[in-house]
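Colleague: Handing over protein_26.csv, CSV, C-alpha atoms.
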chain,number,residue,atom,x,y,z
A,1,MET,CA,16.3,8.5,-39.4
A,2,PRO,CA,17.8,5.6,-41.3
A,3,ARG,CA,17.2,2.2,-39.9
A,4,ASN,CA,20.9,1.4,-39.5
A,5,ARG,CA,21.5,4.6,-37.6
A,6,PHE,CA,18.7,3.8,-35.2
A,7,GLN,CA,20.0,0.3,-34.6
A,8,ASP,CA,23.5,1.6,-34.0
A,9,ILE,CA,22.1,4.0,-31.3
A,10,MET,CA,20.2,1.3,-29.6
A,11,GLN,CA,23.1,-1.0,-29.6
A,12,HIS,CA,25.4,1.5,-27.8
A,13,LEU,CA,22.7,3.0,-25.6
A,14,ARG,CA,24.0,3.2,-22.0
A,15,PHE,CA,22.7,5.0,-18.9
A,16,ASP,CA,25.8,5.0,-16.6
A,17,ASP,CA,29.6,4.6,-16.6
A,18,ARG,CA,30.2,1.0,-17.6
A,19,SER,CA,33.7,1.0,-16.2
A,20,THR,CA,32.5,1.6,-12.6
A,21,ARG,CA,29.2,-0.4,-12.8
A,22,SER,CA,30.6,-3.7,-11.3
A,23,GLU,CA,31.7,-1.8,-8.2
A,24,ARG,CA,28.4,0.0,-7.8
A,25,ALA,CA,26.4,-3.2,-8.5
A,26,LYS,CA,27.7,-4.7,-5.3
A,27,THR,CA,25.4,-2.4,-3.3
A,28,ASP,CA,22.9,-1.4,-6.0
A,29,LYS,CA,21.2,-4.0,-8.2
A,30,PHE,CA,19.7,-1.1,-10.3
A,31,ALA,CA,23.2,0.4,-10.9
A,32,ALA,CA,23.0,0.2,-14.7
A,33,ILE,CA,20.2,2.9,-14.7
A,34,SER,CA,19.8,4.1,-11.2
A,35,SER,CA,21.1,7.6,-11.9
A,36,VAL,CA,18.6,8.4,-14.7
A,37,TRP,CA,15.9,6.6,-12.8
A,38,GLY,CA,16.5,8.6,-9.7
A,39,SER,CA,16.2,11.9,-11.6
A,40,PHE,CA,12.9,10.7,-13.2
A,41,VAL,CA,11.4,9.8,-9.8
A,42,THR,CA,12.5,13.1,-8.2
A,43,ASN,CA,10.8,15.0,-11.0
A,44,CYS,CA,7.6,13.0,-10.6
A,45,ILE,CA,7.5,13.9,-6.9
A,46,THR,CA,8.3,17.6,-7.2
A,47,CYS,CA,6.3,18.6,-10.3
A,48,TYR,CA,2.7,17.7,-9.2
A,49,ASN,CA,0.6,18.1,-6.1
A,50,PRO,CA,-1.7,15.0,-5.9
A,51,GLY,CA,-5.3,15.1,-4.7
A,52,LEU,CA,-6.9,13.6,-1.6
A,53,HIS,CA,-6.8,10.0,-2.7
A,54,ILE,CA,-3.6,8.1,-3.7
A,55,THR,CA,-3.7,4.4,-4.9
A,56,VAL,CA,-0.7,2.1,-4.2
A,57,ASP,CA,-0.3,-1.1,-6.2
A,58,GLU,CA,2.1,-3.1,-8.3
A,59,GLN,CA,2.9,-2.8,-12.0
A,60,LEU,CA,4.4,-5.7,-14.0
A,61,PHE,CA,6.2,-4.3,-17.0
A,62,PRO,CA,6.3,-7.1,-19.6
A,63,SER,CA,9.8,-8.3,-20.3
A,64,LYS,CA,11.8,-11.5,-20.6
A,65,THR,CA,15.2,-10.0,-20.2
A,66,ARG,CA,17.8,-11.8,-18.1
A,67,CYS,CA,18.2,-10.1,-14.7
A,68,CYS,CA,18.2,-11.2,-11.1
A,69,PHE,CA,14.9,-9.5,-10.2
A,70,LEU,CA,12.7,-10.7,-13.1
A,71,GLN,CA,9.3,-11.8,-11.8
A,72,TYR,CA,6.8,-14.4,-12.8
A,73,ILE,CA,3.2,-13.7,-11.8
A,74,ALA,CA,0.7,-16.3,-13.2
A,75,SER,CA,-2.3,-14.1,-12.7
A,76,LYS,CA,-1.0,-11.3,-15.0
A,77,PRO,CA,-1.7,-11.3,-18.7
A,78,ASP,CA,2.0,-11.0,-19.4
A,79,LYS,CA,3.5,-13.6,-17.0
A,80,PHE,CA,7.1,-12.4,-17.0
A,81,GLY,CA,8.3,-8.9,-16.3
A,82,ILE,CA,10.0,-6.4,-14.1
A,83,LYS,CA,7.8,-5.4,-11.1
A,84,PHE,CA,7.4,-1.8,-9.9
A,85,TRP,CA,5.6,-0.5,-6.8
A,86,VAL,CA,3.6,2.6,-7.9
A,87,ALA,CA,1.7,5.4,-6.1
A,88,CYS,CA,-0.8,7.0,-8.4
A,89,ASP,CA,-3.1,10.0,-8.0
A,90,LEU,CA,-6.7,8.6,-8.3
A,91,LYS,CA,-8.3,11.5,-10.3
A,92,SER,CA,-5.6,12.3,-12.9
A,93,LYS,CA,-3.7,9.0,-12.9
A,94,TYR,CA,-0.5,10.9,-12.4
A,95,ILE,CA,2.4,8.7,-11.3
A,96,CYS,CA,3.4,10.3,-8.0
A,97,ASN,CA,6.2,7.9,-6.9
A,98,VAL,CA,7.5,4.6,-8.1
A,99,LEU,CA,10.0,2.0,-6.8
A,100,PRO,CA,11.5,-1.0,-8.6
A,101,TYR,CA,11.2,-4.4,-6.8
A,102,LEU,CA,14.7,-5.8,-6.5
A,103,ARG,CA,14.0,-8.8,-4.3
A,104,LYS,CA,15.7,-8.8,-0.9
A,105,ASP,CA,16.4,-5.2,0.3
A,106,PRO,CA,19.3,-5.0,2.8
A,107,ASN,CA,18.1,-1.5,3.8
A,108,ARG,CA,14.7,-2.7,5.0
A,109,PRO,CA,14.5,-2.6,8.8
A,110,SER,CA,14.6,-6.0,10.5
A,111,GLY,CA,11.1,-7.3,11.3
A,112,GLN,CA,9.3,-4.8,9.1
A,113,ARG,CA,7.0,-6.3,6.5
A,114,LEU,CA,7.8,-5.7,2.8
A,115,SER,CA,4.3,-4.4,2.2
A,116,GLU,CA,4.6,-1.8,5.0
A,117,ASN,CA,8.0,-0.7,3.9
A,118,VAL,CA,6.8,-0.2,0.3
A,119,VAL,CA,3.8,1.9,1.3
A,120,MET,CA,5.7,4.1,3.7
A,121,ARG,CA,8.5,4.7,1.2
A,122,LEU,CA,6.1,5.6,-1.6
A,123,MET,CA,4.0,7.9,0.6
A,124,GLU,CA,6.9,9.6,2.4
A,125,PRO,CA,6.8,12.8,0.3
A,126,PHE,CA,3.0,13.1,0.7
A,127,LEU,CA,2.5,12.5,4.4
A,128,HIS,CA,1.2,15.0,7.0
A,129,LYS,CA,-1.2,16.4,4.4
A,130,GLY,CA,-4.4,14.6,5.4
A,131,ARG,CA,-4.5,12.4,2.3
A,132,ASN,CA,-5.9,8.8,2.1
A,133,VAL,CA,-4.1,5.9,0.5
A,134,THR,CA,-6.0,2.9,-1.0
A,135,THR,CA,-4.3,-0.5,-1.0
A,136,ASP,CA,-5.2,-4.1,-1.7
A,137,ASN,CA,-4.9,-7.0,0.7
A,138,PHE,CA,-1.2,-7.5,0.1
A,139,PHE,CA,-0.4,-4.1,1.7
A,140,THR,CA,-3.2,-3.5,4.2
A,141,SER,CA,-2.6,-4.2,7.9
A,142,LEU,CA,-3.5,-2.6,11.2
A,143,SER,CA,0.1,-1.8,12.1
A,144,LEU,CA,0.4,0.1,8.7
A,145,ALA,CA,-2.8,2.0,9.5
A,146,GLN,CA,-1.4,3.0,12.9
A,147,LYS,CA,1.9,4.2,11.4
A,148,LEU,CA,0.1,6.3,8.7
A,149,LEU,CA,-2.4,7.7,11.2
A,150,ARG,CA,0.5,9.0,13.3
A,151,ARG,CA,1.6,10.9,10.3
A,152,LYS,CA,-1.9,12.4,9.5
A,153,THR,CA,-2.6,10.0,6.6
A,154,THR,CA,-5.5,7.5,6.5
A,155,ILE,CA,-5.7,4.1,4.8
A,156,LEU,CA,-8.5,2.2,3.1
A,157,GLY,CA,-8.0,-1.3,1.8
A,158,THR,CA,-9.0,-4.9,1.7
A,159,VAL,CA,-7.5,-7.2,4.3
A,160,ASN,CA,-6.5,-10.8,3.7
A,161,LYS,CA,-8.7,-13.1,5.8
A,162,ILE,CA,-5.6,-14.9,7.3
A,163,ARG,CA,-4.2,-11.7,8.9
A,164,ARG,CA,-3.8,-12.0,12.6
A,165,GLU,CA,-5.6,-8.7,13.3
A,166,ILE,CA,-8.9,-10.1,12.0
A,167,PRO,CA,-10.9,-11.2,15.2
A,168,GLN,CA,-11.9,-14.8,15.4
A,169,SER,CA,-15.6,-13.9,15.5
A,170,ALA,CA,-15.2,-12.2,12.1
A,171,ARG,CA,-13.8,-15.4,10.4
A,172,TYR,CA,-17.3,-16.9,10.3
A,173,THR,CA,-17.8,-17.8,6.7
A,174,ASP,CA,-21.4,-19.0,6.4
A,175,ARG,CA,-23.1,-15.5,6.6
A,176,ASN,CA,-26.3,-14.4,5.2
A,177,GLU,CA,-25.9,-12.6,1.9
A,178,PHE,CA,-25.5,-8.8,2.0
A,179,THR,CA,-25.0,-8.7,5.8
A,180,THR,CA,-22.4,-6.4,7.4
A,181,GLN,CA,-20.4,-6.7,10.7
A,182,VAL,CA,-18.3,-3.9,12.0
A,183,PHE,CA,-15.3,-4.1,14.4
A,184,SER,CA,-13.4,-1.0,15.7
A,185,THR,CA,-10.2,0.0,17.4
A,186,SER,CA,-8.9,3.4,18.3
A,187,ALA,CA,-7.0,3.5,15.0
A,188,ALA,CA,-9.3,1.9,12.4
A,189,MET,CA,-12.6,0.2,11.6
A,190,LEU,CA,-12.9,-3.3,10.1
A,191,THR,CA,-15.9,-4.0,7.9
A,192,ALA,CA,-16.9,-7.6,7.2
A,193,TYR,CA,-19.3,-7.6,4.3
A,194,ALA,CA,-20.9,-10.8,2.8
A,195,ALA,CA,-21.0,-10.1,-0.9
A,196,LYS,CA,-22.1,-13.7,-1.5
A,197,ARG,CA,-23.3,-16.6,0.6
A,198,LYS,CA,-19.8,-17.9,1.4
A,199,LYS,CA,-17.6,-15.0,0.3
A,200,THR,CA,-16.8,-12.3,2.9
A,201,VAL,CA,-14.9,-9.1,2.0
A,202,TYR,CA,-12.8,-7.5,4.8
A,203,ILE,CA,-12.2,-3.7,4.5
A,204,LEU,CA,-10.0,-1.8,6.9
A,205,SER,CA,-10.5,1.9,7.1
A,206,SER,CA,-8.9,4.6,9.3
A,207,MET,CA,-10.8,7.4,7.6
A,208,HIS,CA,-14.3,6.3,8.6
A,209,SER,CA,-15.7,6.9,12.1
A,210,VAL,CA,-19.1,5.5,11.2
A,211,VAL,CA,-20.0,2.7,8.8
A,212,GLN,CA,-23.4,3.0,7.1
A,213,THR,CA,-25.1,0.8,4.5
A,214,ASP,CA,-27.0,2.1,1.5
A,215,ASN,CA,-30.6,1.5,0.7
A,216,THR,CA,-30.1,-0.8,-2.3
A,217,THR,CA,-30.7,-4.5,-2.5
A,218,LYS,CA,-27.1,-5.3,-1.8
A,219,ARG,CA,-27.0,-3.0,1.3
A,220,LYS,CA,-23.3,-2.1,0.7
A,221,PRO,CA,-21.4,-0.3,3.5
A,222,ASN,CA,-19.9,3.1,2.7
A,223,THR,CA,-16.4,1.6,3.2
A,224,VAL,CA,-16.9,-0.9,0.5
A,225,THR,CA,-18.4,1.6,-1.9
A,226,LEU,CA,-15.6,4.1,-1.4
A,227,TYR,CA,-13.0,1.3,-1.8
A,228,ASN,CA,-14.5,0.2,-5.1
A,229,THR,CA,-14.3,3.9,-6.3
A,230,THR,CA,-10.7,4.5,-5.3
A,231,LYS,CA,-9.0,1.1,-5.9
A,232,CYS,CA,-8.4,1.4,-9.6
A,233,GLY,CA,-5.8,4.2,-9.9
A,234,VAL,CA,-2.7,2.1,-10.7
A,235,ASP,CA,-4.6,-0.4,-12.9
A,236,VAL,CA,-6.1,2.3,-15.1
A,237,MET,CA,-2.6,4.0,-15.3
A,238,ASP,CA,-1.1,0.7,-16.4
A,239,GLN,CA,-3.7,0.3,-19.1
A,240,MET,CA,-3.1,3.9,-20.3
A,241,VAL,CA,0.7,3.5,-20.6
A,242,GLN,CA,0.3,0.2,-22.5
A,243,GLU,CA,-2.2,1.7,-24.9
A,244,TYR,CA,0.5,4.1,-26.4
A,245,THR,CA,3.9,2.6,-25.6
A,246,VAL,CA,7.4,2.9,-27.0
A,247,ARG,CA,8.1,-0.7,-25.7
A,248,ARG,CA,10.1,-2.9,-28.2
A,249,GLY,CA,11.8,-6.2,-27.8
A,250,THR,CA,15.1,-6.1,-26.1
A,251,ARG,CA,17.5,-8.4,-24.3
A,252,ARG,CA,18.9,-5.8,-22.0
A,253,TRP,CA,16.9,-5.0,-18.8
A,254,PRO,CA,18.1,-1.4,-18.5
A,255,VAL,CA,16.6,-0.6,-21.9
A,256,ALA,CA,13.3,-2.3,-20.8
A,257,VAL,CA,13.2,-0.1,-17.7
A,258,PHE,CA,14.0,2.9,-19.9
A,259,TYR,CA,11.0,2.1,-22.1
A,260,ASN,CA,8.7,2.0,-19.1
A,261,MET,CA,10.2,5.3,-17.8
A,262,ILE,CA,9.5,7.0,-21.2
A,263,ASP,CA,5.9,5.7,-21.1
A,264,MET,CA,5.3,6.9,-17.5
A,265,ALA,CA,7.0,10.3,-18.3
A,266,ALA,CA,4.7,10.8,-21.3
A,267,LEU,CA,1.6,10.1,-19.3
A,268,ASN,CA,2.7,12.5,-16.5
A,269,ALA,CA,3.6,15.1,-19.2
A,270,HIS,CA,0.1,15.0,-20.5
A,271,VAL,CA,-1.4,15.4,-17.0
A,272,LEU,CA,0.9,18.4,-16.3
A,273,TYR,CA,0.1,20.0,-19.7
A,274,GLN,CA,-3.6,19.9,-19.1
A,275,ALA,CA,-3.2,21.1,-15.5
A,276,CYS,CA,-1.0,24.1,-16.5
A,277,THR,CA,-2.8,25.2,-19.7
A,278,GLY,CA,-6.4,24.2,-18.8
A,279,MET,CA,-6.8,22.7,-22.3
A,280,GLN,CA,-8.3,19.3,-22.8
A,281,GLU,CA,-6.4,17.5,-25.6
A,282,ARG,CA,-6.5,13.9,-26.6
A,283,ARG,CA,-3.5,12.0,-25.3
A,284,VAL,CA,-2.6,10.5,-28.7
A,285,ASP,CA,-2.5,14.0,-30.2
A,286,PHE,CA,-0.4,15.3,-27.4
A,287,LEU,CA,2.1,12.4,-27.7
A,288,VAL,CA,2.4,13.0,-31.5
A,289,GLU,CA,3.1,16.7,-30.9
A,290,LEU,CA,5.5,15.8,-28.1
A,291,ALA,CA,7.5,13.4,-30.2
A,292,ARG,CA,7.7,15.9,-33.1
A,293,GLU,CA,9.0,18.7,-30.8
A,294,LEU,CA,11.6,16.4,-29.2
A,295,ALA,CA,12.8,15.3,-32.7
A,296,ASN,CA,12.9,18.8,-34.3
A,297,SER,CA,16.0,19.9,-32.5
A,298,HIS,CA,17.9,16.8,-33.6
A,299,MET,CA,16.6,17.0,-37.1
A,300,ALA,CA,17.7,20.6,-37.4
A,301,GLY,CA,21.1,19.7,-36.1
As structure tokens - that is how I would like this structure written.
Modeller:
Amino acid sequence: MPRNRFQDIMQHLRFDDRSTRSERAKTDKFAAISSVWGSFVTNCITCYNPGLHITVDEQLFPSKTRCCFLQYIASKPDKFGIKFWVACDLKSKYICNVLPYLRKDPNRPSGQRLSENVVMRLMEPFLHKGRNVTTDNFFTSLSLAQKLLRRKTTILGTVNKIRREIPQSARYTDRNEFTTQVFSTSAAMLTAYAAKRKKTVYILSSMHSVVQTDNTTKRKPNTVTLYNTTKCGVDVMDQMVQEYTVRRGTRRWPVAVFYNMIDMAALNAHVLYQACTGMQERRVDFLVELARELANSHMAG
């Protein structure tokens, strides 16, 4: 394709009816791409049956486009970007469900935490199946564990030490190294593990009925060991989509979202290809063949 032809396509690329966008944008901040995005998310949910463990976390797609929901996160390698909430299958890294973060959501029930609302919305298609969801300390809470347990889903995640559900006796900081303290309720168990002299890790689990420590020097509880195994789903997925990406510089946020959607769709397509055919093919070879097949019909035309 000639360069000028490609630039002309990118200049006029739109994902909705521009004449009605201003009216739709009054109730939908994602109006410029919401129709295409909704179809993509629906296909992600319906085309794959995830395994026992699902990881929920955030993804910051690097971008400096001007939009009202652009985020700045100092701890990320790319400080600016558009944030997405992602539910990812632990084993295959398949993206099961994804939501954009659009700041204040008028549809969120009054009094419900943002973190609880996000997890329940992401997990809605996968509840009542006996699965477990792994979260970090932004999401994990006792009330969320109770809501999920009522819908036959367990949770495993770190808990922020300032959460009200942590008992006062568990806030003791000067613990002996590698010691474990366990607190339980009818819905979940809280493990307080001293990984270092003055550093205590709090793990909330509704899938464990008994907490046991291993026989190594660090005497790690089984809740901590399992959390370390299941916490990395979204982070690994994010690394994979950035390794082979179609992302290019743009000043339009719908195009930036479109780039991220293409990267996610390509990763999911590779997972589905391997699951359906049973063939193990390198992702880079699959992506090259996928791009060639998508381009062939247009080249023939």
Colleague: Tell me, in Å to one decimal, how far CA of Leu70 (chain A) is from CA of Phe84 (chain A).
Modeller: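 Spanning CA of Leu70 (chain A) to CA of Phe84 (chain A) is a straight-line distance of 10.8 Å.
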Colleague: Mind checking which residues fall within 10 Å of region 239-255 of chain A, counting only C-alpha atoms, ignoring those fewer than 2 positions away in the same chain, and posting them as a PyMOL selection string?
Modeller: chain A and resi 10-11+13-15+30-34+61-70+81-82+93+234-237+257-267+283-284+287
Colleague: Would you please work out which residue, of A:Ala170, A:Ala74, A:Ala194, A:Ala188, is nearest to Ser209 (chain A) when using all atoms listed in the file?
Modeller: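 Residue with the minimum atom-to-atom distance to Ser209 (chain A): A:Ala188.
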Colleague: In Å, how far is it from CA of Trp85 (chain A) to CA of Asp57 (chain A)?
Modeller: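 Separation of CA of Trp85 (chain A) and CA of Asp57 (chain A): 6.0 Å.
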Colleague: What separation in Å, quoted to one decimal, exists between CA of Gly38 (chain A) and CA of Asn97 (chain A)?
Modeller: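 Separation between CA of Gly38 (chain A) and CA of Asn97 (chain A): 10.7 Å.
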Colleague: Could you tell me which of A:Arg131, A:Lys161, A:Lys152, A:Lys218 comes closest to Thr191 (chain A) if we count all atoms listed in the file?
Modeller: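 Nearest to Thr191 (chain A): A:Lys161.
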Colleague: Counting only C-alpha atoms, what is within 12 Å of Tyr172 (chain A), bar same-chain residues fewer than 5 positions away, as a PyMOL selection string?
Modeller: chain A and resi 161+166-167+181+192-194+197-202
Colleague: I want to know what sits within 8 Å of region 119-129 of chain A, based on only C-alpha atoms, with residues of the same chain fewer than 4 positions away left out; could you give that as a PyMOL selection string?
Modeller: chain A and resi 45+56+86-87+97-99+115+139+148+151-153
Colleague: Point out the residue among A:Leu204, A:Glu116, A:Arg163, A:His298 with the least atom-to-atom distance to Phe183 (chain A), counting all atoms listed in the file.
Modeller: A:Leu204
Colleague: Find the residues around region 109-114 of chain A up to 10 Å (only C-alpha atoms counted), leave out those fewer than 4 positions away in its own chain, and share them as an mmCIF file with C-alpha atoms, in the frame of the given file.
Modeller:
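Saved file part-v9.cif follows:
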data_model
loop_
_atom_site.group_PDB
_atom_site.id
_atom_site.type_symbol
_atom_site.label_atom_id
_atom_site.label_comp_id
_atom_site.auth_asym_id
_atom_site.auth_seq_id
_atom_site.Cartn_x
_atom_site.Cartn_y
_atom_site.Cartn_z
ATOM 1 C CA ARG A 103 14.000 -8.800 -4.300
ATOM 2 C CA LYS A 104 15.700 -8.800 -0.900
ATOM 3 C CA ASP A 105 16.400 -5.200 0.300
ATOM 4 C CA VAL A 118 6.800 -0.200 0.300
ATOM 5 C CA VAL A 119 3.800 1.900 1.300
ATOM 6 C CA PHE A 138 -1.200 -7.500 0.100
ATOM 7 C CA PHE A 139 -0.400 -4.100 1.700
ATOM 8 C CA SER A 141 -2.600 -4.200 7.900
ATOM 9 C CA SER A 143 0.100 -1.800 12.100
ATOM 10 C CA LEU A 144 0.400 0.100 8.700
#
Colleague: From the options A:Ser92, A:Ser205, A:Asn268, A:Thr217, which residue's atoms come nearest to Met189 (chain A), counting all atoms listed in the file?
Modeller: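 Nearest candidate to Met189 (chain A) out of A:Ser92, A:Ser205, A:Asn268, A:Thr217: A:Ser205.
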Colleague: Which of these residues is nearest to Tyr94 (chain A), using all atoms listed in the file: A:Gln274, A:Ser39, A:Ser169, A:Thr223?
Modeller: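 Using all atoms listed in the file, the shortest distance to Tyr94 (chain A) belongs to A:Gln274.
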Colleague: From the list A:His270, A:Cys96, A:Val288, A:Ala195, which residue is nearest Cys47 (chain A) when using all atoms listed in the file?
Modeller: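 For Cys47 (chain A), the nearest of the given residues is A:Cys96.
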Colleague: Start from the incomplete input, build N, CA, C and O atoms for region 236-248 of chain A, and deliver everything as a CSV table (one decimal), in the frame of the given file.
Modeller:
chain,number,residue,atom,x,y,z
A,236,VAL,N,-5.7,1.5,-13.9
A,236,VAL,CA,-6.1,2.3,-15.1
A,236,VAL,C,-4.8,3.0,-15.7
A,236,VAL,O,-4.6,3.1,-16.9
A,237,MET,N,-3.9,3.4,-14.8
A,237,MET,CA,-2.6,4.0,-15.3
A,237,MET,C,-1.9,3.0,-16.1
A,237,MET,O,-1.3,3.3,-17.2
A,238,ASP,N,-1.8,1.7,-15.7
A,238,ASP,CA,-1.1,0.7,-16.4
A,238,ASP,C,-1.7,0.4,-17.8
A,238,ASP,O,-1.0,0.2,-18.8
A,239,GLN,N,-3.1,0.5,-17.9
A,239,GLN,CA,-3.7,0.3,-19.1
A,239,GLN,C,-3.4,1.5,-20.1
A,239,GLN,O,-3.2,1.3,-21.3
A,240,MET,N,-3.3,2.7,-19.5
A,240,MET,CA,-3.1,3.9,-20.3
A,240,MET,C,-1.7,3.9,-20.9
A,240,MET,O,-1.4,4.2,-22.1
A,241,VAL,N,-0.7,3.5,-20.1
A,241,VAL,CA,0.7,3.5,-20.6
A,241,VAL,C,0.9,2.3,-21.6
A,241,VAL,O,1.8,2.4,-22.5
A,242,GLN,N,0.1,1.3,-21.5
A,242,GLN,CA,0.3,0.2,-22.5
A,242,GLN,C,-0.5,0.5,-23.8
A,242,GLN,O,-0.2,-0.1,-24.8
A,243,GLU,N,-1.4,1.4,-23.7
A,243,GLU,CA,-2.2,1.7,-24.9
A,243,GLU,C,-1.3,2.5,-26.0
A,243,GLU,O,-1.4,2.2,-27.2
A,244,TYR,N,-0.5,3.4,-25.5
A,244,TYR,CA,0.5,4.1,-26.4
A,244,TYR,C,1.8,3.9,-25.8
A,244,TYR,O,2.2,4.7,-24.9
A,245,THR,N,2.6,3.0,-26.2
A,245,THR,CA,3.9,2.6,-25.6
A,245,THR,C,5.0,2.6,-26.6
A,245,THR,O,4.8,2.4,-27.8
A,246,VAL,N,6.2,2.9,-26.1
A,246,VAL,CA,7.4,2.9,-27.0
A,246,VAL,C,8.1,1.5,-26.8
A,246,VAL,O,9.2,1.3,-27.4
A,247,ARG,N,7.5,0.6,-26.1
A,247,ARG,CA,8.1,-0.7,-25.7
A,247,ARG,C,8.4,-1.5,-27.0
A,247,ARG,O,7.6,-1.6,-27.9
A,248,ARG,N,9.6,-2.0,-27.1
A,248,ARG,CA,10.1,-2.9,-28.2
A,248,ARG,C,10.9,-4.0,-27.6
A,248,ARG,O,11.3,-4.0,-26.4
